[in-house]
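The file data_34.cif comes next; it holds mmCIF, C-alpha atoms (C1' of nucleotides).
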```cif
data_coords
#
loop_
_atom_site.label_atom_id
_atom_site.label_comp_id
_atom_site.auth_asym_id
_atom_site.auth_seq_id
_atom_site.Cartn_x
_atom_site.Cartn_y
_atom_site.Cartn_z
CA MET G 1 -107.84 -29.12 -80.08
CA GLU G 2 -106.64 -32.56 -81.16
CA ARG G 3 -106.16 -34.95 -78.27
CA SER G 4 -104.42 -37.72 -80.16
CA PRO G 5 -102.11 -40.05 -78.31
CA GLU G 6 -99.12 -38.31 -79.88
CA LEU G 7 -96.81 -41.20 -79.29
CA HIS G 8 -93.99 -39.24 -80.80
CA SER G 9 -94.66 -35.98 -79.02
CA ARG G 10 -91.87 -33.89 -77.61
CA LYS G 11 -92.71 -35.25 -74.17
CA GLN G 12 -92.15 -38.78 -75.36
CA GLN G 13 -88.85 -37.76 -76.87
CA ILE G 14 -87.77 -36.35 -73.52
CA ILE G 15 -88.87 -39.46 -71.68
CA GLN G 16 -87.00 -41.76 -74.03
CA THR G 17 -83.86 -39.63 -73.91
CA ALA G 18 -84.09 -39.61 -70.14
CA ALA G 19 -84.59 -43.37 -70.03
CA LYS G 20 -81.38 -43.88 -71.97
CA LEU G 21 -79.41 -41.64 -69.62
CA PHE G 22 -81.10 -42.96 -66.48
CA ARG G 23 -80.08 -46.43 -67.46
CA LYS G 24 -76.49 -45.39 -68.08
CA ASN G 25 -75.93 -43.23 -65.00
CA GLY G 26 -78.93 -43.88 -62.80
CA PHE G 27 -81.73 -41.46 -61.95
CA LYS G 28 -79.77 -39.52 -59.36
CA GLY G 29 -76.69 -39.56 -61.55
CA THR G 30 -78.53 -37.94 -64.44
CA SER G 31 -79.12 -34.18 -64.45
CA LEU G 32 -81.83 -32.39 -66.37
CA LYS G 33 -78.99 -30.47 -67.96
CA SER G 34 -77.56 -33.64 -69.48
CA ILE G 35 -81.00 -34.60 -70.80
CA ALA G 36 -81.48 -31.17 -72.34
CA GLU G 37 -78.02 -31.21 -73.89
CA GLU G 38 -78.67 -34.61 -75.39
CA MET G 39 -81.71 -33.07 -77.09
CA GLY G 40 -79.95 -29.89 -78.12
CA ILE G 41 -82.00 -27.52 -75.99
CA LYS G 42 -81.52 -25.66 -72.70
CA THR G 43 -82.56 -27.11 -69.37
CA PRO G 44 -85.60 -24.96 -68.51
CA SER G 45 -87.13 -25.69 -71.90
CA LEU G 46 -87.87 -29.17 -70.62
CA TYR G 47 -90.48 -27.70 -68.32
CA ASN G 48 -92.65 -26.79 -71.26
CA HIS G 49 -93.34 -30.51 -71.56
CA ILE G 50 -92.82 -32.08 -68.17
CA ALA G 51 -93.81 -31.09 -64.66
CA SER G 52 -90.73 -32.35 -62.87
CA LYS G 53 -87.79 -34.70 -63.11
CA ASN G 54 -89.62 -37.21 -60.97
CA GLU G 55 -92.55 -37.18 -63.35
CA ILE G 56 -90.31 -38.71 -66.00
CA LEU G 57 -89.32 -41.52 -63.66
CA SER G 58 -92.90 -42.10 -62.56
CA HIS G 59 -94.09 -42.27 -66.13
CA LEU G 60 -91.42 -44.76 -67.11
CA LEU G 61 -91.85 -47.05 -64.14
CA LEU G 62 -95.60 -47.00 -63.68
CA THR G 63 -96.31 -47.45 -67.37
CA ASN G 64 -94.19 -50.56 -67.50
CA ALA G 65 -95.32 -51.90 -64.16
CA ASN G 66 -98.92 -51.55 -65.28
CA THR G 67 -98.21 -53.32 -68.54
CA PHE G 68 -96.59 -56.21 -66.72
CA HIS G 69 -99.47 -56.41 -64.28
CA LEU G 70 -102.17 -56.35 -66.96
CA ARG G 71 -100.48 -58.86 -69.21
CA MET G 72 -99.87 -61.12 -66.24
CA GLU G 73 -103.54 -61.07 -65.29
CA GLU G 74 -104.46 -61.94 -68.86
CA ILE G 75 -102.17 -64.94 -68.68
CA GLN G 76 -103.37 -65.90 -65.23
CA LYS G 77 -107.01 -65.93 -66.32
CA ALA G 78 -106.39 -67.65 -69.65
CA ASN G 79 -107.87 -71.08 -70.09
CA ILE G 80 -104.58 -72.87 -70.66
CA ASP G 81 -102.36 -75.31 -68.84
CA SER G 82 -100.33 -73.89 -65.95
CA LEU G 83 -97.05 -74.86 -67.57
CA GLN G 84 -98.13 -73.05 -70.69
CA LYS G 85 -98.79 -69.99 -68.56
CA LEU G 86 -95.22 -70.07 -67.35
CA ASP G 87 -94.12 -70.31 -70.94
CA ARG G 88 -96.12 -67.21 -71.82
CA ILE G 89 -94.73 -65.25 -68.89
CA ILE G 90 -91.23 -65.85 -70.12
CA SER G 91 -92.25 -64.74 -73.60
CA LEU G 92 -93.86 -61.65 -72.10
CA HIS G 93 -90.67 -60.65 -70.34
CA ILE G 94 -88.61 -61.08 -73.45
CA GLU G 95 -91.12 -59.17 -75.54
CA LEU G 96 -91.27 -56.17 -73.21
CA THR G 97 -87.53 -56.21 -72.66
CA LEU G 98 -86.73 -56.09 -76.35
CA GLN G 99 -89.33 -53.38 -76.73
CA ASN G 100 -87.90 -51.05 -74.10
CA PRO G 101 -84.65 -52.29 -72.57
CA ASP G 102 -83.76 -48.92 -71.03
CA ALA G 103 -86.87 -48.82 -68.86
CA MET G 104 -86.29 -52.40 -67.69
CA GLY G 105 -83.02 -51.50 -66.04
CA LEU G 106 -84.72 -48.74 -64.07
CA MET G 107 -87.28 -51.10 -62.61
CA LEU G 108 -84.59 -52.95 -60.72
CA ASN G 109 -83.12 -50.07 -58.78
CA ASP G 110 -84.40 -46.58 -59.43
CA TRP G 111 -87.91 -47.17 -58.11
CA VAL G 112 -86.50 -46.14 -54.72
CA HIS G 113 -86.37 -42.56 -56.01
CA LEU G 114 -90.07 -42.39 -56.83
CA ASP G 115 -92.19 -40.01 -54.79
CA PRO G 116 -93.85 -41.83 -51.88
CA LYS G 117 -97.26 -42.11 -53.53
CA ASP G 118 -95.84 -43.43 -56.78
CA ARG G 119 -93.47 -45.75 -54.99
CA GLU G 120 -96.33 -47.28 -53.09
CA GLU G 121 -98.29 -47.82 -56.29
CA TYR G 122 -95.28 -49.27 -58.03
CA LEU G 123 -94.57 -51.73 -55.24
CA GLU G 124 -98.19 -52.78 -55.15
CA LEU G 125 -98.14 -53.62 -58.84
CA ARG G 126 -94.90 -55.48 -58.42
CA GLU G 127 -96.27 -57.40 -55.47
CA LYS G 128 -99.41 -58.41 -57.34
CA TYR G 129 -97.29 -59.52 -60.27
CA GLU G 130 -95.11 -61.68 -58.09
CA GLN G 131 -98.10 -63.16 -56.29
CA ASN G 132 -99.64 -64.17 -59.60
CA PHE G 133 -96.34 -65.63 -60.66
CA LEU G 134 -96.04 -67.57 -57.40
CA SER G 135 -99.52 -68.99 -57.75
CA ILE G 136 -98.80 -70.24 -61.24
CA LEU G 137 -95.58 -71.87 -60.06
CA GLN G 138 -97.46 -73.52 -57.22
CA GLN G 139 -99.99 -74.93 -59.67
CA CYS G 140 -97.19 -76.39 -61.77
CA ILE G 141 -95.65 -77.99 -58.73
CA ASP G 142 -98.94 -79.39 -57.51
CA LYS G 143 -99.45 -81.01 -60.90
CA GLY G 144 -95.98 -82.50 -60.72
CA GLN G 145 -94.85 -80.47 -63.71
CA LEU G 146 -92.15 -78.62 -61.81
CA VAL G 147 -89.64 -79.81 -59.25
CA PRO G 148 -90.96 -79.59 -55.67
CA MET G 149 -88.75 -76.67 -54.73
CA ASN G 150 -89.51 -73.73 -52.43
CA THR G 151 -91.67 -71.55 -54.68
CA ASN G 152 -90.10 -68.31 -53.49
CA LEU G 153 -86.68 -69.59 -54.40
CA MET G 154 -87.93 -70.87 -57.73
CA LEU G 155 -89.50 -67.50 -58.49
CA PHE G 156 -86.24 -65.85 -57.54
CA ILE G 157 -84.20 -67.97 -59.93
CA ILE G 158 -86.57 -67.34 -62.83
CA LEU G 159 -87.00 -63.63 -62.19
CA SER G 160 -83.27 -63.12 -61.75
CA THR G 161 -82.76 -64.24 -65.30
CA LEU G 162 -85.78 -62.49 -66.79
CA ARG G 163 -85.04 -59.19 -65.05
CA SER G 164 -81.43 -59.21 -66.20
CA LEU G 165 -82.37 -59.77 -69.81
CA TYR G 166 -82.23 -56.07 -70.64
CA ALA G 167 -78.49 -56.03 -70.08
CA TRP G 168 -77.98 -59.05 -72.26
CA CYS G 169 -80.19 -57.79 -75.07
CA THR G 170 -78.17 -54.66 -75.65
CA ARG G 171 -74.83 -56.39 -75.44
CA TYR G 172 -75.67 -59.10 -77.95
CA ARG G 173 -78.12 -57.29 -80.13
CA ASP G 174 -77.70 -59.69 -83.04
CA PHE G 175 -79.46 -62.40 -81.08
CA ASN G 176 -82.71 -63.58 -82.59
CA ARG G 177 -85.79 -63.20 -80.41
CA ILE G 178 -87.04 -66.72 -81.07
CA GLU G 179 -83.61 -68.14 -80.43
CA LEU G 180 -83.35 -66.15 -77.20
CA GLU G 181 -86.76 -67.36 -76.03
CA ASN G 182 -85.93 -70.98 -76.72
CA SER G 183 -82.55 -70.82 -75.05
CA VAL G 184 -83.86 -69.16 -71.93
CA LYS G 185 -86.81 -71.52 -71.67
CA THR G 186 -84.85 -74.71 -72.14
CA GLY G 187 -81.98 -73.39 -70.04
CA LEU G 188 -84.24 -72.65 -67.09
CA LEU G 189 -86.69 -75.51 -67.43
CA GLU G 190 -84.58 -78.38 -68.71
CA GLY G 191 -81.46 -77.27 -66.86
CA LEU G 192 -77.92 -76.80 -68.04
CA LEU G 193 -76.76 -80.35 -67.39
CA ASN G 194 -76.53 -82.66 -70.36
CA LYS G 195 -78.57 -85.84 -69.92
CA TYR G 196 -76.84 -88.31 -72.20
CA MET V 197 -47.12 -47.29 -34.00
CA GLU V 198 -49.20 -50.39 -34.34
CA ARG V 199 -50.03 -51.22 -37.95
CA SER V 200 -52.53 -53.93 -37.28
CA PRO V 201 -55.23 -54.55 -39.87
CA GLU V 202 -57.74 -52.89 -37.54
CA LEU V 203 -60.64 -54.62 -39.13
CA HIS V 204 -62.97 -52.77 -36.84
CA SER V 205 -61.39 -49.34 -37.22
CA ARG V 206 -63.51 -46.23 -37.52
CA LYS V 207 -62.83 -46.24 -41.23
CA GLN V 208 -64.30 -49.69 -41.57
CA GLN V 209 -67.34 -48.60 -39.62
CA ILE V 210 -67.83 -45.74 -42.05
CA ILE V 211 -67.42 -48.01 -45.05
CA GLN V 212 -69.92 -50.52 -43.73
CA THR V 213 -72.43 -47.82 -42.83
CA ALA V 214 -71.98 -46.33 -46.27
CA ALA V 215 -72.41 -49.72 -47.92
CA LYS V 216 -75.74 -50.17 -46.19
CA LEU V 217 -76.99 -46.76 -47.33
CA PHE V 218 -75.50 -47.09 -50.82
CA ARG V 219 -77.39 -50.28 -51.26
CA LYS V 220 -80.63 -48.72 -50.10
CA ASN V 221 -80.48 -45.44 -52.03
CA GLY V 222 -77.61 -45.88 -54.46
CA PHE V 223 -74.25 -44.09 -54.40
CA LYS V 224 -75.55 -40.85 -55.89
CA GLY V 225 -78.66 -41.03 -53.76
CA THR V 226 -76.64 -41.21 -50.55
CA SER V 227 -75.16 -38.03 -49.04
CA LEU V 228 -72.21 -37.91 -46.71
CA LYS V 229 -74.57 -36.15 -44.33
CA SER V 230 -76.80 -39.21 -44.16
CA ILE V 231 -73.80 -41.43 -43.51
CA ALA V 232 -72.58 -39.14 -40.74
CA GLU V 233 -76.04 -38.95 -39.18
CA GLU V 234 -76.32 -42.72 -39.19
CA MET V 235 -73.10 -42.79 -37.18
CA GLY V 236 -74.11 -39.97 -34.86
CA ILE V 237 -71.43 -37.51 -35.97
CA LYS V 238 -71.22 -34.42 -38.18
CA THR V 239 -70.37 -34.63 -41.87
CA PRO V 240 -66.86 -33.14 -41.89
CA SER V 241 -65.77 -35.55 -39.18
CA LEU V 242 -65.82 -38.28 -41.79
CA TYR V 243 -62.80 -36.69 -43.41
CA ASN V 244 -60.63 -37.62 -40.46
CA HIS V 245 -60.89 -41.17 -41.75
CA ILE V 246 -61.58 -41.04 -45.46
CA ALA V 247 -60.20 -38.99 -48.31
CA SER V 248 -63.38 -38.62 -50.32
CA LYS V 249 -66.81 -40.08 -50.91
CA ASN V 250 -65.52 -41.88 -53.97
CA GLU V 251 -62.81 -43.55 -51.93
CA ILE V 252 -65.52 -45.40 -50.01
CA LEU V 253 -67.02 -46.70 -53.22
CA SER V 254 -63.63 -47.66 -54.63
CA HIS V 255 -62.74 -49.53 -51.49
CA LEU V 256 -65.98 -51.47 -51.48
CA LEU V 257 -65.97 -52.38 -55.15
CA LEU V 258 -62.29 -53.08 -55.73
CA THR V 259 -61.92 -55.14 -52.57
CA ASN V 260 -64.75 -57.42 -53.61
CA ALA V 261 -63.79 -57.53 -57.26
CA ASN V 262 -60.29 -58.57 -56.27
CA THR V 263 -61.58 -61.26 -53.98
CA PHE V 264 -63.77 -62.68 -56.73
CA HIS V 265 -60.89 -62.58 -59.18
CA LEU V 266 -58.41 -64.27 -56.85
CA ARG V 267 -60.80 -66.98 -55.73
CA MET V 268 -61.80 -67.63 -59.33
CA GLU V 269 -58.17 -68.08 -60.35
CA GLU V 270 -57.71 -70.54 -57.51
CA ILE V 271 -60.63 -72.55 -58.76
CA GLN V 272 -59.52 -72.31 -62.38
CA LYS V 273 -56.07 -73.66 -61.56
CA ALA V 274 -57.26 -76.37 -59.20
CA ASN V 275 -56.70 -79.95 -60.29
CA ILE V 276 -60.36 -80.93 -60.31
CA ASP V 277 -63.01 -81.77 -62.84
CA SER V 278 -64.48 -78.87 -64.78
CA LEU V 279 -67.98 -79.57 -63.54
CA GLN V 280 -66.66 -79.49 -60.00
CA LYS V 281 -65.16 -76.10 -60.75
CA LEU V 282 -68.57 -74.80 -61.71
CA ASP V 283 -69.89 -76.19 -58.47
CA ARG V 284 -67.22 -74.32 -56.51
CA ILE V 285 -67.92 -71.06 -58.31
CA ILE V 286 -71.54 -71.20 -57.26
CA SER V 287 -70.45 -71.90 -53.69
CA LEU V 288 -68.04 -68.98 -53.89
CA HIS V 289 -70.79 -66.58 -54.92
CA ILE V 290 -73.06 -67.72 -52.13
CA GLU V 291 -70.27 -67.50 -49.59
CA LEU V 292 -69.26 -63.96 -50.51
CA THR V 293 -72.86 -62.83 -50.85
CA LEU V 294 -73.81 -64.02 -47.38
CA GLN V 295 -70.63 -62.44 -46.08
CA ASN V 296 -71.30 -58.96 -47.47
CA PRO V 297 -74.68 -58.64 -49.19
CA ASP V 298 -74.62 -54.83 -49.18
CA ALA V 299 -71.48 -54.63 -51.29
CA MET V 300 -72.84 -57.16 -53.77
CA GLY V 301 -75.70 -54.92 -54.74
CA LEU V 302 -73.28 -52.10 -55.53
CA MET V 303 -71.30 -54.22 -57.95
CA LEU V 304 -74.26 -54.42 -60.30
CA ASN V 305 -74.86 -50.72 -60.84
CA ASP V 306 -72.79 -48.23 -58.89
CA TRP V 307 -69.48 -49.08 -60.52
CA VAL V 308 -70.39 -46.46 -63.13
CA HIS V 309 -69.71 -43.80 -60.50
CA LEU V 310 -66.14 -44.89 -59.86
CA ASP V 311 -63.39 -42.49 -60.85
CA PRO V 312 -62.03 -43.34 -64.33
CA LYS V 313 -58.91 -45.10 -63.10
CA ASP V 314 -60.79 -47.21 -60.61
CA ARG V 315 -63.57 -47.94 -63.04
CA GLU V 316 -61.05 -49.25 -65.54
CA GLU V 317 -59.47 -51.49 -62.93
CA TYR V 318 -62.85 -52.73 -61.80
CA LEU V 319 -63.98 -53.59 -65.29
CA GLU V 320 -60.72 -55.39 -65.99
CA LEU V 321 -61.20 -57.59 -62.95
CA ARG V 322 -64.78 -58.25 -63.93
CA GLU V 323 -63.75 -59.09 -67.47
CA LYS V 324 -61.07 -61.53 -66.30
CA TYR V 325 -63.56 -63.16 -63.99
CA GLU V 326 -66.09 -63.64 -66.76
CA GLN V 327 -63.46 -64.95 -69.15
CA ASN V 328 -62.41 -67.56 -66.61
CA PHE V 329 -66.02 -68.47 -66.07
CA LEU V 330 -66.61 -68.79 -69.81
CA SER V 331 -63.61 -71.02 -70.26
CA ILE V 332 -64.82 -73.36 -67.54
CA LEU V 333 -68.26 -73.53 -69.11
CA GLN V 334 -66.69 -74.28 -72.47
CA GLN V 335 -64.74 -77.15 -70.93
CA CYS V 336 -67.93 -78.58 -69.45
CA ILE V 337 -69.65 -78.38 -72.81
CA ASP V 338 -66.73 -79.94 -74.64
CA LYS V 339 -66.82 -82.86 -72.24
CA GLY V 340 -70.54 -83.25 -72.83
CA GLN V 341 -71.31 -82.40 -69.23
CA LEU V 342 -73.35 -79.32 -70.06
CA VAL V 343 -75.93 -78.70 -72.74
CA PRO V 344 -74.40 -77.39 -76.00
CA MET V 345 -75.79 -73.87 -75.56
CA ASN V 346 -74.20 -70.56 -76.50
CA THR V 347 -71.67 -70.08 -73.67
CA ASN V 348 -72.32 -66.36 -73.38
CA LEU V 349 -76.00 -67.00 -72.88
CA MET V 350 -75.29 -69.78 -70.42
CA LEU V 351 -72.98 -67.52 -68.45
CA PHE V 352 -75.66 -64.88 -68.48
CA ILE V 353 -78.29 -67.21 -67.05
CA ILE V 354 -76.01 -68.42 -64.28
CA LEU V 355 -74.63 -65.01 -63.38
CA SER V 356 -78.09 -63.45 -63.37
CA THR V 357 -79.05 -65.75 -60.57
CA LEU V 358 -75.78 -65.56 -58.66
CA ARG V 359 -75.58 -61.78 -58.85
CA SER V 360 -79.14 -61.34 -57.64
CA LEU V 361 -78.58 -63.53 -54.62
CA TYR V 362 -77.82 -60.59 -52.35
CA ALA V 363 -81.43 -59.41 -52.67
CA TRP V 364 -82.78 -62.83 -51.85
CA CYS V 365 -80.48 -63.40 -48.89
CA THR V 366 -81.67 -60.37 -47.00
CA ARG V 367 -85.34 -60.97 -47.69
CA TYR V 368 -85.34 -64.59 -46.56
CA ARG V 369 -82.62 -64.50 -43.97
CA ASP V 370 -83.75 -67.67 -42.25
CA PHE V 371 -82.62 -69.72 -45.23
CA ASN V 372 -79.87 -72.18 -44.50
CA ARG V 373 -76.70 -71.72 -46.50
CA ILE V 374 -76.37 -75.38 -47.39
CA GLU V 375 -80.01 -75.54 -48.38
CA LEU V 376 -79.60 -72.42 -50.51
CA GLU V 377 -76.54 -73.84 -52.24
CA ASN V 378 -78.27 -77.11 -53.02
CA SER V 379 -81.42 -75.45 -54.31
CA VAL V 380 -79.55 -73.04 -56.57
CA LYS V 381 -77.27 -75.74 -57.91
CA THR V 382 -79.99 -78.24 -58.66
CA GLY V 383 -82.33 -75.54 -59.91
CA LEU V 384 -79.81 -74.24 -62.41
CA LEU V 385 -78.17 -77.50 -63.41
CA GLU V 386 -81.00 -80.03 -63.29
CA GLY V 387 -83.63 -77.52 -64.35
CA LEU V 388 -87.01 -76.72 -62.90
CA LEU V 389 -88.97 -79.29 -64.88
CA ASN V 390 -89.94 -82.47 -63.10
CA LYS V 391 -88.72 -85.61 -64.90
CA TYR V 392 -91.14 -88.24 -63.77
"C1'" DC M 393 -103.74 -8.99 -89.99
"C1'" DT M 394 -103.78 -10.28 -85.68
"C1'" DA M 395 -104.57 -13.04 -81.85
"C1'" DA M 396 -103.34 -17.20 -79.60
"C1'" DC M 397 -100.48 -20.92 -78.83
"C1'" DT M 398 -96.17 -23.60 -78.72
"C1'" DA M 399 -91.74 -24.08 -77.39
"C1'" DA M 400 -87.67 -22.17 -77.15
"C1'" DC M 401 -84.82 -18.74 -74.49
"C1'" DT M 402 -82.21 -15.83 -70.38
"C1'" DA M 403 -81.77 -14.94 -65.69
"C1'" DA M 404 -82.17 -16.03 -61.19
"C1'" DT M 405 -83.86 -18.81 -57.14
"C1'" DA M 406 -83.07 -21.68 -52.83
"C1'" DA M 407 -81.30 -25.93 -51.53
"C1'" DT M 408 -77.98 -29.35 -51.31
"C1'" DC M 409 -73.82 -31.33 -52.52
"C1'" DG M 410 -68.74 -32.71 -51.43
"C1'" DT M 411 -64.99 -30.65 -49.46
"C1'" DT M 412 -61.53 -27.56 -46.83
"C1'" DA M 413 -59.72 -24.79 -43.02
"C1'" DG M 414 -59.28 -23.94 -38.57
"C1'" DT M 415 -60.54 -25.05 -33.76
"C1'" DT M 416 -61.92 -27.69 -29.76
"C1'" DT M 417 -62.66 -31.88 -27.29
"C1'" DT M 418 -61.33 -36.35 -25.89
"C1'" DG M 419 -58.71 -40.20 -23.96
"C1'" DG M 420 -54.60 -42.66 -23.08
"C1'" DA M 421 -49.44 -42.67 -22.11
"C1'" DT M 422 -45.65 -40.57 -19.79
"C1'" DA W 423 -50.74 -33.17 -14.08
"C1'" DT W 424 -49.20 -32.78 -18.74
"C1'" DC W 425 -48.59 -33.86 -23.46
"C1'" DC W 426 -50.03 -35.51 -27.79
"C1'" DA W 427 -52.52 -37.28 -31.23
"C1'" DA W 428 -56.94 -38.97 -32.78
"C1'" DA W 429 -61.28 -37.47 -33.77
"C1'" DA W 430 -64.76 -34.62 -33.05
"C1'" DC W 431 -66.54 -29.85 -33.94
"C1'" DT W 432 -68.07 -24.98 -36.40
"C1'" DA W 433 -68.04 -22.20 -40.34
"C1'" DA W 434 -67.58 -21.53 -44.80
"C1'" DC W 435 -66.38 -22.58 -49.80
"C1'" DG W 436 -67.62 -23.17 -54.79
"C1'" DA W 437 -70.18 -26.08 -57.66
"C1'" DT W 438 -74.28 -28.21 -59.09
"C1'" DT W 439 -78.97 -29.26 -58.50
"C1'" DA W 440 -84.07 -28.85 -59.77
"C1'" DT W 441 -87.11 -25.39 -60.45
"C1'" DT W 442 -89.51 -20.67 -61.36
"C1'" DA W 443 -90.39 -16.23 -63.63
"C1'" DG W 444 -90.50 -13.60 -67.35
"C1'" DT W 445 -89.49 -13.01 -72.30
"C1'" DT W 446 -89.17 -13.94 -77.24
"C1'" DA W 447 -89.27 -16.20 -81.79
"C1'" DG W 448 -92.06 -19.12 -84.81
"C1'" DT W 449 -96.28 -21.22 -86.19
"C1'" DT W 450 -101.17 -21.55 -86.76
"C1'" DA W 451 -106.26 -20.20 -86.55
"C1'" DG W 452 -109.90 -16.91 -87.04
#
```
Represent the structure of the file as structure tokens.
Amino acid sequence: MERSPELHSRKQQIIQTAAKLFRKNGFKGTSLKSIAEEMGIKTPSLYNHIASKNEILSHLLLTNANTFHLRMEEIQKANIDSLQKLDRIISLHIELTLQNPDAMGLMLNDWVHLDPKDREEYLELREKYEQNFLSILQQCIDKGQLVPMNTNLMLFIILSTLRSLYAWCTRYRDFNRIELENSVKTGLLEGLLNKY
Amino acid sequence: MERSPELHSRKQQIIQTAAKLFRKNGFKGTSLKSIAEEMGIKTPSLYNHIASKNEILSHLLLTNANTFHLRMEEIQKANIDSLQKLDRIISLHIELTLQNPDAMGLMLNDWVHLDPKDREEYLELREKYEQNFLSILQQCIDKGQLVPMNTNLMLFIILSTLRSLYAWCTRYRDFNRIELENSVKTGLLEGLLNKY
DNA sequence: CTAACTAACTAATAATCGTTAGTTTTGGAT
DNA sequence: ATCCAAAACTAACGATTATTAGTTAGTTAG
């Protein structure tokens, strides 16, 4: 009757295997058969642990979207300078990306295959996250800390880089996390031009 | 017997319709039935104009990959300053993105569904493009024009933004092209920090 | 020992997929 | 009016999909 978290349960194994394949071939391009084969079992055996293929996707996306949302609210409410908040957001992205790069790739595209209810929830979380992000950027601009650029465009530039990190992280795995953080932060904030 | 380019042939209509749906639901998530319905015809009628579903994807991806490759080589060989080359590359991305945003989204993910031969060709073009890009960045760094950062990471930051542009362009369509170019260029090169 | 549970299996389901074959409709040129 | 080709159609194909039902081996608890 133990109800432990069982972080390494069979279900979690399935979800992680699926995440790897989803990332490689997309959700629709990945069959339950291929997931089962990767685990050395037959397809229907998966249903002893999961309710449906879509449940795997929901779990992956909503778990991560919730984490992003919660951590963002923490940062938003923290009693620190707005520019420092931006700094922490970047660190957050890098942390979560290194922690689960496969799931990050899914968040960009495969959310369209969520069931309607889950998709709605996912998009709400994403929207809240972006609104928080926008408000922090606006604060930085108002204080004269950031360039007076259109905040939507600024958010786009930052998020483009942060959301693509998962691809980079797996290609150049030898990169140090601290080094990566510093490079991304200075690259985005200070710019790529050399001021001699 | 006319062999005109027929830019607005039925085949091109199919390809553009498909591109729109591919972008929305992904290649694997889009059925030929949905493409046919969007055009008001029955599924098998598509085969009077195309050879296969994969041919549509090949056409979209290889056409654009070739364009990028050719235009990049033009820029690379041009007798202009290296920093000016970087400037032109950014303009190139914005130009092609505004011209065909649907196809741009496909280039990020759906190339994995190309047939082996086409996939190989696509990846070769992409590789050449990135190598050219890297070499230009290296020149800029050698001249002291750009910050002495790891060139792969620098390329990653720039390409992340440029390759995500298609999503931005459709969401904020009212944005002026010139304005967009200037914002992206200054945002990336000068950085987001305000130097007061 | 046995009863219950877990997690694997085989077999089969309906639905959908891309694709082919064969046929009819359409519209313009002779 | 007729001919022809382009482009639509209907009907059907085999393959694959996610999923269900029913069964069995292995492990654990009482």
Can you turn the PyMOL selection byres ((chain W) within 12 of (chain G)) into a concrete residue list for this file, as a CSV table (one decimal) with C-alpha atoms (C1' of nucleotides), in the coordinates of the input?
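And here's result.csv as it stands now:
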```csv
chain,number,residue,atom,x,y,z
W,438,DT,C1',-74.3,-28.2,-59.1
W,439,DT,C1',-79.0,-29.3,-58.5
W,440,DA,C1',-84.1,-28.8,-59.8
W,441,DT,C1',-87.1,-25.4,-60.4
W,442,DT,C1',-89.5,-20.7,-61.4
W,443,DA,C1',-90.4,-16.2,-63.6
W,451,DA,C1',-106.3,-20.2,-86.6
```
For the structure provided, state which residues fall under the PyMOL selection byres ((chain W and resi 426-429) around 9), and present them as an mmCIF file with C-alpha atoms (C1' of nucleotides), keeping the file's coordinate frame.
```cif
data_model
loop_
_atom_site.group_PDB
_atom_site.id
_atom_site.type_symbol
_atom_site.label_atom_id
_atom_site.label_comp_id
_atom_site.auth_asym_id
_atom_site.auth_seq_id
_atom_site.Cartn_x
_atom_site.Cartn_y
_atom_site.Cartn_z
ATOM 1 C CA SER V 241 -65.770 -35.550 -39.180
ATOM 2 C CA ASN V 244 -60.630 -37.620 -40.460
ATOM 3 C CA HIS V 245 -60.890 -41.170 -41.750
ATOM 4 C "C1'" DT M 417 -62.660 -31.880 -27.290
ATOM 5 C "C1'" DT M 418 -61.330 -36.350 -25.890
ATOM 6 C "C1'" DC W 425 -48.590 -33.860 -23.460
ATOM 7 C "C1'" DA W 430 -64.760 -34.620 -33.050
#
```
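A straight line drawn from CA of Arg322 (chain V) to CA of Trp307 (chain V) is 10.9 Å long.
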| message | Could you list, as a PyMOL selection string, every residue matched by the PyMOL selection byres ((chain M) within 9 of (chain V)) in this structure? | response | chain M and resi 409-411
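A straight line drawn from C1' of DA395 (chain M) to CA of Arg10 (chain G) is 24.8 Å long.
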